[in-house]
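Chemist: One structure follows; several queries about it will come next.
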Amino acid sequence: MRIADQTLATVADTAPFPAHAGYELSIIIPTLNERENLRALSQRLECALRGIAWQAIIVDDDSGDGTASAAKALAVLDARFSCLRRIGRRGLAGAVIEGVMASAAPFIAVLDADLQHDESLLSVMLESVRNGQADVAVASRFVRREDSAVGLSPLRRLGSLAANGLARRILGQSLSDPMSGFFVTRRSVFDETASRLSPQGFKILFDLLATRRGQLSVREFPYAFRPRVAGSSKLDHRVTAEFLGLALAKTTRDLLSPRAAVFLAVGASGLVVHLAVLRLLLGLTGNLDLGLHFPAAQTLAGLTAMTSNFLINNSLTYRDRRLRGLDLAKGYVRFCVFCGLGLVANVAVATMMTEHGATWWMAGVGGAVIGAAWNYLTTSIAVW
Ligand code: GDD
Ligand code: MN
């Protein structure tokens, strides 16, 4: 037993990696409706990675187009391919994390299935990590200005540049494409960080670098992001919201989870809705001077804000657990009950604080923080 353990440890530590001892590189390929792209992808990997002991782990979120069966058909023909079919789950980042967790290779590559990433860079990227030039080799769309124009719509390019700017500030690292979904690193980098990574959203590289706070050295490899041929992009406004949540979470040094951050931002939007409805109702009755109609208007405004908060949270904050039909109605009632209790807690705490000598704004903020924390914690358990 002890000898076997020792042998295993020795194999794992041996460098350079011994021939025929298993895979040196695991390529993790997240997929959602990419059946049409798999065959071409396998041919391209074959050409790009001659001489390297590689495997491809396709992590499919139960695509409706049969991507998982196509991937498994590929695996029957070529043992280097395998497929993990995840049921009832969504999220590129989570798929990548689980794929890595299934790998035993010393090096990991993350690559899209849709042929937009230039797989011919993989071998040089691997080489740079293997020989210690960098902890992470990132294929970057924005190093060469002319490259960035290809494959992205003008709106996407603008959004991408803005998100990149924000990401760079948080990372404190000069990196031209911190949102890249195409990179190579040692598996140990993932292993040490996996429990702190967020499974939601697209930004697995950003999360990895932000969680390790500048400890990871990065080398960038410019390439031209190719236009998509088959299938369609899954990046939408919700993915953008998830990124903003992750950015906020990292700004608070993980005091807030990405989900809590989005929940709070939605709460703030509720305040805007509340004031807008209040203004409208008071304006309609021609009574802007807080007369008789105020309590009714304030109540209606509060209910509207609560409803909009619930619906936005359901489609954004909890998009992976979205409620539908009867569950949506039940969830709405629960949400109102718990947020109502949150309001009671808010007022109670604020009142108690004023009794202990807090100024009006300290008490106001204190009550709001407790109320928001209550709303988030209880609804995350009872509603979604
Ligand atoms: N398993 C799984 N689950 N895979 C997913 C999911 C998901 O929820 N969402 C997307 N994918 C897969 C797609 O099938 C594709 O292989 C890859 O992840 C990238 O998704 P796309 O929908 O093609 O993303 P994109 O091309 O619009 O976005 C590009 O830019 C982003 C940064 O702006 C990609 O390079 C991303 O990786 C990158 O983060
Ligand atoms: Mn794509």
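Please note that chains go A, B, ... in the order of the structure tokens, that every chain numbers its residues from 1, and that ligands are numbered from 1 in the order shown.
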Which residues of chain A sit at most 7 Å from ligand 2, using only C-alpha atoms and all ligand atoms? Give each one's shortest atom pair and distance in Å (one decimal place), in chain and ascending residue order, as a tab-separated table.

Modeler:
```
residue	atom	partner	partner_atom_place_in_ligand_line	distance
A:Asp112	CA	ligand 2	1 (Mn)	6.5
A:Asp114	CA	ligand 2	1 (Mn)	5.6
A:Gln116	CA	ligand 2	1 (Mn)	5.7
A:Arg228	CA	ligand 2	1 (Mn)	6.3
A:Ser233	CA	ligand 2	1 (Mn)	5.3
```

Chemist: For segment 64-81 of chain A, find every residue with an atom within 10 Å (counting only C-alpha atoms), except residues of its own chain fewer than 6 positions away, and show them as number ranges by chain.

Modeler: A: 23, 26-27, 31-39, 42, 53-58

Chemist: List every residue of chain A that has an atom at most 7 Å from any atom of ligand 1, giving for each one its closest atom pair and the distance in Å to one decimal, counting only C-alpha atoms and all ligand atoms, sorted by chain and then by ascending residue number, as a tab-separated table.

Modeler:
```
residue	atom	partner	partner_atom_place_in_ligand_line	distance
A:Ile29	CA	ligand 1	16 (O)	6.4
A:Pro30	CA	ligand 1	4 (N)	4.0
A:Thr31	CA	ligand 1	14 (O)	3.5
A:Leu32	CA	ligand 1	14 (O)	3.8
A:Asn33	CA	ligand 1	14 (O)	5.9
A:Glu34	CA	ligand 1	14 (O)	5.5
A:Val59	CA	ligand 1	1 (N)	5.2
A:Asp60	CA	ligand 1	1 (N)	4.3
A:Asp61	CA	ligand 1	1 (N)	4.4
A:Arg90	CA	ligand 1	8 (O)	4.2
A:Gly91	CA	ligand 1	8 (O)	3.4
A:Leu92	CA	ligand 1	7 (C)	4.0
A:Ala95	CA	ligand 1	1 (N)	4.8
A:Asp112	CA	ligand 1	16 (O)	3.9
A:Ala113	CA	ligand 1	16 (O)	3.8
A:Asp114	CA	ligand 1	16 (O)	5.2
A:Gln116	CA	ligand 1	26 (O)	6.8
A:His117	CA	ligand 1	35 (O)	6.9
A:Ser160	CA	ligand 1	33 (O)	5.8
A:Met179	CA	ligand 1	32 (C)	4.9
A:Ser180	CA	ligand 1	38 (C)	5.1
A:Gly181	CA	ligand 1	37 (O)	3.3
A:Phe182	CA	ligand 1	37 (O)	6.4
A:Phe202	CA	ligand 1	39 (O)	4.9
A:Lys203	CA	ligand 1	39 (O)	5.4
A:Ser232	CA	ligand 1	22 (O)	6.4
A:Ser233	CA	ligand 1	22 (O)	3.4
A:Lys234	CA	ligand 1	22 (O)	3.4
A:Leu235	CA	ligand 1	27 (O)	4.6
```

Chemist: Can I get the selected residues back with C-alpha atoms, as a compact mmCIF listing (two decimals), in the first residue's frame?

Modeler:
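Writing the result to selection_32.txt gives the following:
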```txt
# COMPACT_ATOMS: atom_id res chain seq x y z
CA ILE A 29 -14.67 22.21 -23.64
CA PRO A 30 -17.96 23.57 -22.29
CA THR A 31 -20.89 23.03 -24.66
CA LEU A 32 -24.46 24.18 -25.02
CA ASN A 33 -26.00 23.24 -28.36
CA GLU A 34 -22.76 22.76 -30.28
CA VAL A 59 -18.88 19.25 -20.46
CA ASP A 60 -22.39 19.53 -21.82
CA ASP A 61 -25.34 21.06 -19.99
CA ARG A 90 -26.38 25.74 -16.43
CA GLY A 91 -23.30 27.87 -16.54
CA LEU A 92 -20.12 27.95 -18.54
CA ALA A 95 -19.06 23.40 -16.44
CA ASP A 112 -14.84 26.99 -26.65
CA ALA A 113 -16.44 24.34 -28.84
CA ASP A 114 -17.62 26.73 -31.55
CA GLN A 116 -14.02 30.80 -32.54
CA HIS A 117 -10.83 30.16 -30.57
CA SER A 160 -16.39 43.87 -24.07
CA MET A 179 -12.45 38.02 -20.10
CA SER A 180 -10.91 35.54 -22.49
CA GLY A 181 -12.47 32.10 -22.41
CA PHE A 182 -9.32 30.56 -23.89
CA PHE A 202 -18.84 33.16 -18.19
CA LYS A 203 -15.83 34.74 -16.54
CA SER A 232 -25.38 30.78 -31.82
CA SER A 233 -23.79 32.71 -28.95
CA LYS A 234 -25.16 32.18 -25.43
CA LEU A 235 -23.78 35.44 -24.10
```

Chemist: What's around Gly302 of chain A at 10 Å? Count only C-alpha atoms, leave out sequence neighbours fewer than 6 positions away in its own chain, and write the answer as a PyMOL selection string.

Modeler: chain A and resi 270-271+273-275+277-278+296+308

Chemist: Produce a file of the selected residues containing N, CA and C atoms, as an mmCIF file, in the first residue's frame.

Modeler:
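As written to disk, result-v9.cif reads:
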```cif
data_model
loop_
_atom_site.group_PDB
_atom_site.id
_atom_site.type_symbol
_atom_site.label_atom_id
_atom_site.label_comp_id
_atom_site.auth_asym_id
_atom_site.auth_seq_id
_atom_site.Cartn_x
_atom_site.Cartn_y
_atom_site.Cartn_z
ATOM 1 N N GLY A 270 -35.125 48.664 -7.221
ATOM 2 C CA GLY A 270 -36.465 48.722 -6.640
ATOM 3 C C GLY A 270 -36.757 50.097 -6.038
ATOM 4 N N LEU A 271 -35.730 50.713 -5.494
ATOM 5 C CA LEU A 271 -35.903 52.046 -4.912
ATOM 6 C C LEU A 271 -36.274 53.040 -6.014
ATOM 7 N N VAL A 273 -37.751 52.306 -8.867
ATOM 8 C CA VAL A 273 -39.129 52.002 -9.274
ATOM 9 C C VAL A 273 -40.108 52.615 -8.270
ATOM 10 N N HIS A 274 -39.794 52.412 -6.989
ATOM 11 C CA HIS A 274 -40.661 52.924 -5.926
ATOM 12 C C HIS A 274 -40.883 54.431 -6.076
ATOM 13 N N LEU A 275 -39.794 55.174 -6.214
ATOM 14 C CA LEU A 275 -39.908 56.632 -6.289
ATOM 15 C C LEU A 275 -40.640 57.061 -7.549
ATOM 16 N N VAL A 277 -42.952 55.372 -9.226
ATOM 17 C CA VAL A 277 -44.386 55.091 -9.105
ATOM 18 C C VAL A 277 -45.034 56.081 -8.136
ATOM 19 N N LEU A 278 -44.328 56.363 -7.073
ATOM 20 C CA LEU A 278 -44.861 57.309 -6.072
ATOM 21 C C LEU A 278 -45.116 58.667 -6.727
ATOM 22 N N ALA A 296 -51.711 55.717 0.695
ATOM 23 C CA ALA A 296 -52.136 54.771 -0.344
ATOM 24 C C ALA A 296 -51.100 54.719 -1.467
ATOM 25 N N SER A 308 -41.523 44.174 -8.939
ATOM 26 C CA SER A 308 -40.470 44.252 -9.963
ATOM 27 C C SER A 308 -39.186 43.600 -9.440
#
```

Chemist: Quick check for you: according to DSSP on this backbone, which residues of segment 88-256 of chain A are classed as strand (DSSP E or B)? Reply as a PyMOL selection string.

Modeler: chain A and resi 107-110+136-140+183-186+218-222

Chemist: Tell me, as a list of chain:residue names, which residues lie within 6 Å of segment 369-384 of chain A, counting only C-alpha atoms; anything in the same chain fewer than 4 positions away does not count.

Modeler: A:Gly331, A:Cys339, A:Gly342, A:Leu343, A:Ala345, A:Asn346

Chemist: Measuring atom to atom with only C-alpha atoms, identify which of A:Leu281, A:Leu303, A:Thr185, A:Val347 is nearest to Asn131 of chain A.

Modeler: A:Thr185

Chemist: Select, from A:Asp320, A:Glu355, A:Arg279, A:Phe310, the residue with the minimum atom-to-atom distance to Val333 of chain A, counting only C-alpha atoms.

Modeler: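 For Val333 of chain A, the nearest of the given residues is A:Phe310.
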
Chemist: Would you list the contacts of Arg187 of chain A as an MDAnalysis selection string, taking every protein, DNA or RNA residue within 10 Å and counting only C-alpha atoms, but skipping same-chain residues closer than 6 positions in sequence?

Modeler: chainID A and resid 25:26 100:101 103:109

Chemist: Taking C-alpha atoms for each residue, export the selection above as a PDB file, in the first residue's frame.

Modeler:
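Result went into out_4.pdb, see below:
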```
ATOM      1  CA  LEU A  25      -3.023  18.141 -21.264  1.00  0.00           C
ATOM      2  CA  SER A  26      -6.775  18.073 -20.577  1.00  0.00           C
ATOM      3  CA  VAL A 100     -11.164  20.297 -14.537  1.00  0.00           C
ATOM      4  CA  MET A 101     -12.143  18.345 -11.442  1.00  0.00           C
ATOM      5  CA  SER A 103      -8.988  15.632 -15.020  1.00  0.00           C
ATOM      6  CA  ALA A 104      -5.758  14.086 -13.743  1.00  0.00           C
ATOM      7  CA  ALA A 105      -3.461  15.749 -16.270  1.00  0.00           C
ATOM      8  CA  PRO A 106      -0.892  18.256 -15.011  1.00  0.00           C
ATOM      9  CA  PHE A 107      -1.994  20.920 -17.511  1.00  0.00           C
ATOM     10  CA  ILE A 108      -5.428  22.276 -18.373  1.00  0.00           C
ATOM     11  CA  ALA A 109      -6.670  24.182 -21.396  1.00  0.00           C
TER      12      ALA A 109
END
```

Chemist: With only C-alpha atoms as the counted atoms, please give the residues lying no more than 9 Å from Gly94 of chain A, apart from itself and same-chain residues fewer than 4 positions off, as a ChimeraX atom specification.

Modeler: /A:89-90,98-99,197-202,204

Chemist: I need the residues from that last selection saved to file as a PDB file, in the first residue's frame (with all heavy atoms), if you can.

Modeler:
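Just written: again14.pdb:
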```
ATOM      1  N   ARG A  89     -28.529  21.666 -14.909  1.00  0.00           N
ATOM      2  CA  ARG A  89     -27.612  22.731 -14.496  1.00  0.00           C
ATOM      3  C   ARG A  89     -27.181  23.580 -15.670  1.00  0.00           C
ATOM      4  O   ARG A  89     -27.187  23.131 -16.796  1.00  0.00           O
ATOM      5  CB  ARG A  89     -26.409  22.146 -13.782  1.00  0.00           C
ATOM      6  CG  ARG A  89     -26.763  21.982 -12.317  1.00  0.00           C
ATOM      7  CD  ARG A  89     -25.680  21.500 -11.494  1.00  0.00           C
ATOM      8  NE  ARG A  89     -25.308  20.141 -11.848  1.00  0.00           N
ATOM      9  CZ  ARG A  89     -24.121  19.665 -11.579  1.00  0.00           C
ATOM     10  NH1 ARG A  89     -23.224  20.412 -10.994  1.00  0.00           N
ATOM     11  NH2 ARG A  89     -23.832  18.423 -11.891  1.00  0.00           N
ATOM     12  N   ARG A  90     -26.800  24.809 -15.402  1.00  0.00           N
ATOM     13  CA  ARG A  90     -26.383  25.735 -16.431  1.00  0.00           C
ATOM     14  C   ARG A  90     -25.183  26.526 -15.947  1.00  0.00           C
ATOM     15  O   ARG A  90     -25.036  26.755 -14.763  1.00  0.00           O
ATOM     16  CB  ARG A  90     -27.503  26.754 -16.724  1.00  0.00           C
ATOM     17  CG  ARG A  90     -28.484  26.351 -17.790  1.00  0.00           C
ATOM     18  CD  ARG A  90     -27.835  26.248 -19.154  1.00  0.00           C
ATOM     19  NE  ARG A  90     -28.437  25.174 -19.949  1.00  0.00           N
ATOM     20  CZ  ARG A  90     -29.554  25.276 -20.642  1.00  0.00           C
ATOM     21  NH1 ARG A  90     -30.203  26.397 -20.681  1.00  0.00           N
ATOM     22  NH2 ARG A  90     -30.002  24.255 -21.326  1.00  0.00           N
ATOM     23  N   GLU A  98     -16.110  21.771 -13.236  1.00  0.00           N
ATOM     24  CA  GLU A  98     -16.346  20.329 -13.095  1.00  0.00           C
ATOM     25  C   GLU A  98     -15.496  19.510 -14.059  1.00  0.00           C
ATOM     26  O   GLU A  98     -15.025  18.430 -13.727  1.00  0.00           O
ATOM     27  CB  GLU A  98     -17.830  20.015 -13.275  1.00  0.00           C
ATOM     28  CG  GLU A  98     -18.607  20.488 -12.065  1.00  0.00           C
ATOM     29  CD  GLU A  98     -20.027  19.977 -12.021  1.00  0.00           C
ATOM     30  OE1 GLU A  98     -20.294  18.883 -12.524  1.00  0.00           O
ATOM     31  OE2 GLU A  98     -20.865  20.693 -11.456  1.00  0.00           O
ATOM     32  N   GLY A  99     -15.301  20.046 -15.255  1.00  0.00           N
ATOM     33  CA  GLY A  99     -14.438  19.362 -16.217  1.00  0.00           C
ATOM     34  C   GLY A  99     -13.024  19.236 -15.668  1.00  0.00           C
ATOM     35  O   GLY A  99     -12.394  18.168 -15.739  1.00  0.00           O
ATOM     36  N   LEU A 197     -14.203  29.554  -6.424  1.00  0.00           N
ATOM     37  CA  LEU A 197     -14.641  30.072  -7.727  1.00  0.00           C
ATOM     38  C   LEU A 197     -16.164  30.058  -7.838  1.00  0.00           C
ATOM     39  O   LEU A 197     -16.821  29.208  -7.244  1.00  0.00           O
ATOM     40  CB  LEU A 197     -14.049  29.224  -8.853  1.00  0.00           C
ATOM     41  CG  LEU A 197     -12.524  29.257  -8.977  1.00  0.00           C
ATOM     42  CD1 LEU A 197     -12.065  28.283 -10.054  1.00  0.00           C
ATOM     43  CD2 LEU A 197     -12.034  30.668  -9.282  1.00  0.00           C
ATOM     44  N   SER A 198     -16.695  31.001  -8.609  1.00  0.00           N
ATOM     45  CA  SER A 198     -18.143  31.063  -8.797  1.00  0.00           C
ATOM     46  C   SER A 198     -18.557  30.233 -10.010  1.00  0.00           C
ATOM     47  O   SER A 198     -18.023  30.420 -11.098  1.00  0.00           O
ATOM     48  CB  SER A 198     -18.559  32.520  -9.005  1.00  0.00           C
ATOM     49  OG  SER A 198     -19.850  32.564  -9.547  1.00  0.00           O
ATOM     50  N   PRO A 199     -19.521  29.311  -9.837  1.00  0.00           N
ATOM     51  CA  PRO A 199     -19.934  28.477 -10.976  1.00  0.00           C
ATOM     52  C   PRO A 199     -20.863  29.199 -11.940  1.00  0.00           C
ATOM     53  O   PRO A 199     -21.177  28.694 -13.001  1.00  0.00           O
ATOM     54  CB  PRO A 199     -20.663  27.312 -10.305  1.00  0.00           C
ATOM     55  CG  PRO A 199     -21.121  27.851  -8.998  1.00  0.00           C
ATOM     56  CD  PRO A 199     -20.164  28.931  -8.596  1.00  0.00           C
ATOM     57  N   GLN A 200     -21.311  30.416 -11.566  1.00  0.00           N
ATOM     58  CA  GLN A 200     -22.209  31.130 -12.466  1.00  0.00           C
ATOM     59  C   GLN A 200     -21.409  31.933 -13.477  1.00  0.00           C
ATOM     60  O   GLN A 200     -20.264  32.273 -13.241  1.00  0.00           O
ATOM     61  CB  GLN A 200     -23.086  32.101 -11.678  1.00  0.00           C
ATOM     62  CG  GLN A 200     -24.041  31.407 -10.767  1.00  0.00           C
ATOM     63  CD  GLN A 200     -24.502  32.362  -9.693  1.00  0.00           C
ATOM     64  OE1 GLN A 200     -23.726  32.913  -8.938  1.00  0.00           O
ATOM     65  NE2 GLN A 200     -25.792  32.563  -9.641  1.00  0.00           N
ATOM     66  N   GLY A 201     -22.062  32.265 -14.559  1.00  0.00           N
ATOM     67  CA  GLY A 201     -21.476  33.216 -15.498  1.00  0.00           C
ATOM     68  C   GLY A 201     -20.403  32.632 -16.396  1.00  0.00           C
ATOM     69  O   GLY A 201     -20.146  31.437 -16.421  1.00  0.00           O
ATOM     70  N   PHE A 202     -19.771  33.532 -17.143  1.00  0.00           N
ATOM     71  CA  PHE A 202     -18.836  33.159 -18.192  1.00  0.00           C
ATOM     72  C   PHE A 202     -17.386  33.359 -17.782  1.00  0.00           C
ATOM     73  O   PHE A 202     -16.498  32.863 -18.434  1.00  0.00           O
ATOM     74  CB  PHE A 202     -19.075  34.068 -19.421  1.00  0.00           C
ATOM     75  CG  PHE A 202     -19.982  33.479 -20.449  1.00  0.00           C
ATOM     76  CD1 PHE A 202     -21.145  32.859 -20.071  1.00  0.00           C
ATOM     77  CD2 PHE A 202     -19.659  33.533 -21.799  1.00  0.00           C
ATOM     78  CE1 PHE A 202     -21.994  32.321 -21.021  1.00  0.00           C
ATOM     79  CE2 PHE A 202     -20.496  32.996 -22.762  1.00  0.00           C
ATOM     80  CZ  PHE A 202     -21.668  32.393 -22.369  1.00  0.00           C
ATOM     81  N   ILE A 204     -14.639  32.736 -16.103  1.00  0.00           N
ATOM     82  CA  ILE A 204     -13.843  31.821 -15.279  1.00  0.00           C
ATOM     83  C   ILE A 204     -12.393  32.291 -15.143  1.00  0.00           C
ATOM     84  O   ILE A 204     -11.816  32.230 -14.058  1.00  0.00           O
ATOM     85  CB  ILE A 204     -13.957  30.372 -15.825  1.00  0.00           C
ATOM     86  CG1 ILE A 204     -13.177  29.392 -14.988  1.00  0.00           C
ATOM     87  CG2 ILE A 204     -13.566  30.252 -17.275  1.00  0.00           C
ATOM     88  CD1 ILE A 204     -13.816  29.058 -13.695  1.00  0.00           C
TER      89      ILE A 204
END
```

Chemist: To one decimal in Å, tell me the separation between atom CA of Asp207 of chain A and atom CA of Arg321 of chain A.

Modeler: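 It comes out at 21.7 Å.
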